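Participant: Mind looking over this structure? Questions follow.
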Amino acid sequence: FQSRRRSFCVKATSSEEDAAKAAAVVADTGAPTIFDKIIAKEIPSTIVYEDEKVLAFRDISPEAPVHVLVIPKFRDGLTQLGKAEEKHSEILGRLLYAAKVVAEKEGILDGFRVVINSGPSACQSVYHLHLHVLGGRQMKWPPG
Ligand code: TR5
C-alpha cells in the first residue's frame, strides 16, 4: 500500500529529484516542520492574514488561482486533524473563521473550498495542521 500511496499523493514528474522526493514517505513524528520556520519568518512566505494565533500564507505549489494555507501558530500537538482533542476546539474554530476571512480578502466568497488532509491515506505531507483555502476557478466534485 505504501508504494500505491506514493503514486496517489505525488504528481507525475520526470525529474529524478522529484522521484526521490516521492519515494520519501512523510511520517507524523511530531518533529518541527517547515511551517515552524515560516511562522518564525526564517523562511519567506507570502502572508495573506495574520493574528496572534493564526497565520495564512500562499501555498508554494498552488492547485488553484487562490491557494492559501491557514495554520495555527502554536501547534500544541495538532500535527493532524485526526489527533485533535477537545482542548483544540477553540483554535479549530479560529482556523475555520480565518479561512473565511482569507476567502473574503482574496475575493472568492462566491465559491471556495476548504480542505484538510489528515494522515497518510489523505496525502498529508506536512505534519502541522493546516487548512487549504482554494478558489478562483470552478471546483469539481467529488474530489479525488
Ligand atoms: O499535503 P498537505 O495537505 O500536507 O499540504 C502541504 C502543503 O504545503 C502542500 O500544498 C505544499 O505545496 C505546501 N508547502 C510545502 C512547502 C511550502 C508550502 N507552502 C508554502 N511554502 C512552503 N515552503 C517554503 N516549503 C515547503 N516544503
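Identifiers for the C-alpha cells are assigned positionally: chains receive A, B, ... in sequence, residues are indexed from 1 per chain, and ligands are indexed from 1 in the order shown.
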Which chains and residue numbers are within 10 Å of ligand 1, counting only C-alpha atoms and all ligand atoms, if I want them as a ChimeraX atom specification?
Facilitator: /A:9-10,26,33-35,37-38,42-47,56-63,67-69,79-80,115-120,122-132
Participant: Between atom CA of A:Val114 and atom CA of A:Tyr49, what is the distance in Å, rounded to a tenth?
Facilitator: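 About the pair atom CA of A:Val114 and atom CA of A:Tyr49: they are 15.7 Å apart.
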Participant: Do a neighbour search on A:Ile108 at 10 Å with only C-alpha atoms, toss out local chain neighbours closer than 6 positions, and write the hits as a list of chain:residue names.
Facilitator: A:Val66, A:Lys100, A:Val102, A:Val133, A:Leu134, A:Gly135, A:Gly136, A:Arg137
Participant: Which residue gives the smallest distance to A:Asp51 among A:Ile71, A:Met139, A:Ala84, A:Ala103, with only C-alpha atoms counted?
Facilitator: A:Ile71
Participant: When DSSP is applied to the backbone of this structure, which of stretch 63-139 of chain A are assigned strand (DSSP E or B)? Write them out as a PyMOL selection string.
Facilitator: chain A and resi 66-72+112-115+131-135
Participant: Could the residues in this selection be written to a file with N, CA and C atoms, as a PDB file, in the first residue's frame?
Facilitator:
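This went into again.pdb:
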ATOM      1  N   VAL A  66      -6.283  30.828  -6.372  1.00  0.00           N
ATOM      2  CA  VAL A  66      -6.080  31.164  -4.954  1.00  0.00           C
ATOM      3  C   VAL A  66      -5.850  29.853  -4.204  1.00  0.00           C
ATOM      4  N   HIS A  67      -4.712  29.748  -3.535  1.00  0.00           N
ATOM      5  CA  HIS A  67      -4.419  28.565  -2.715  1.00  0.00           C
ATOM      6  C   HIS A  67      -3.612  29.049  -1.517  1.00  0.00           C
ATOM      7  N   VAL A  68      -4.301  29.159  -0.410  1.00  0.00           N
ATOM      8  CA  VAL A  68      -3.711  29.711   0.811  1.00  0.00           C
ATOM      9  C   VAL A  68      -3.781  28.640   1.899  1.00  0.00           C
ATOM     10  N   LEU A  69      -2.728  28.559   2.703  1.00  0.00           N
ATOM     11  CA  LEU A  69      -2.706  27.639   3.844  1.00  0.00           C
ATOM     12  C   LEU A  69      -2.959  28.430   5.118  1.00  0.00           C
ATOM     13  N   VAL A  70      -3.847  27.922   5.954  1.00  0.00           N
ATOM     14  CA  VAL A  70      -4.169  28.569   7.228  1.00  0.00           C
ATOM     15  C   VAL A  70      -3.696  27.637   8.336  1.00  0.00           C
ATOM     16  N   ILE A  71      -2.802  28.143   9.186  1.00  0.00           N
ATOM     17  CA  ILE A  71      -2.206  27.262  10.204  1.00  0.00           C
ATOM     18  C   ILE A  71      -2.239  27.912  11.591  1.00  0.00           C
ATOM     19  N   PRO A  72      -2.258  27.064  12.643  1.00  0.00           N
ATOM     20  CA  PRO A  72      -2.109  27.619  13.991  1.00  0.00           C
ATOM     21  C   PRO A  72      -0.646  27.977  14.224  1.00  0.00           C
ATOM     22  N   PHE A 112     -15.605  28.823  -2.654  1.00  0.00           N
ATOM     23  CA  PHE A 112     -14.244  28.401  -2.328  1.00  0.00           C
ATOM     24  C   PHE A 112     -14.327  27.071  -1.605  1.00  0.00           C
ATOM     25  N   ARG A 113     -13.218  26.414  -1.525  1.00  0.00           N
ATOM     26  CA  ARG A 113     -13.182  25.100  -0.870  1.00  0.00           C
ATOM     27  C   ARG A 113     -12.144  25.128   0.233  1.00  0.00           C
ATOM     28  N   VAL A 114     -12.484  24.494   1.356  1.00  0.00           N
ATOM     29  CA  VAL A 114     -11.540  24.340   2.464  1.00  0.00           C
ATOM     30  C   VAL A 114     -11.263  22.849   2.608  1.00  0.00           C
ATOM     31  N   VAL A 115      -9.986  22.500   2.555  1.00  0.00           N
ATOM     32  CA  VAL A 115      -9.587  21.084   2.602  1.00  0.00           C
ATOM     33  C   VAL A 115      -8.614  20.889   3.750  1.00  0.00           C
ATOM     34  N   LEU A 131      -5.241  24.203   6.992  1.00  0.00           N
ATOM     35  CA  LEU A 131      -6.407  24.222   6.117  1.00  0.00           C
ATOM     36  C   LEU A 131      -5.950  24.763   4.770  1.00  0.00           C
ATOM     37  N   HIS A 132      -6.325  24.088   3.709  1.00  0.00           N
ATOM     38  CA  HIS A 132      -6.111  24.627   2.372  1.00  0.00           C
ATOM     39  C   HIS A 132      -7.359  25.438   2.004  1.00  0.00           C
ATOM     40  N   VAL A 133      -7.176  26.693   1.609  1.00  0.00           N
ATOM     41  CA  VAL A 133      -8.298  27.501   1.089  1.00  0.00           C
ATOM     42  C   VAL A 133      -8.055  27.649  -0.404  1.00  0.00           C
ATOM     43  N   LEU A 134      -8.963  27.093  -1.179  1.00  0.00           N
ATOM     44  CA  LEU A 134      -8.787  27.033  -2.635  1.00  0.00           C
ATOM     45  C   LEU A 134      -9.945  27.729  -3.336  1.00  0.00           C
ATOM     46  N   GLY A 135      -9.618  28.486  -4.381  1.00  0.00           N
ATOM     47  CA  GLY A 135     -10.686  29.129  -5.135  1.00  0.00           C
ATOM     48  C   GLY A 135     -10.146  29.870  -6.338  1.00  0.00           C
TER      49      GLY A 135
END
Participant: Going by DSSP on the backbone, which bits of chain A are helix (DSSP H, G or I)? Write them as a VMD selection string, please.
Facilitator: chain A and resid 2 to 9 16 to 23 34 to 39 81 to 83 86 to 105 120 to 122
Participant: Just the number, please: distance in Å from atom CA of A:Val54 to atom CA of A:Ile91, one decimal.
Facilitator: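 Answer for the atom CA of A:Val54 to atom CA of A:Ile91 separation: 8.5 Å.
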Participant: Distance atom CA of A:Ile39-atom CA of A:Lys73, one decimal place?
Facilitator: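 These atoms are spaced 6.4 Å apart.
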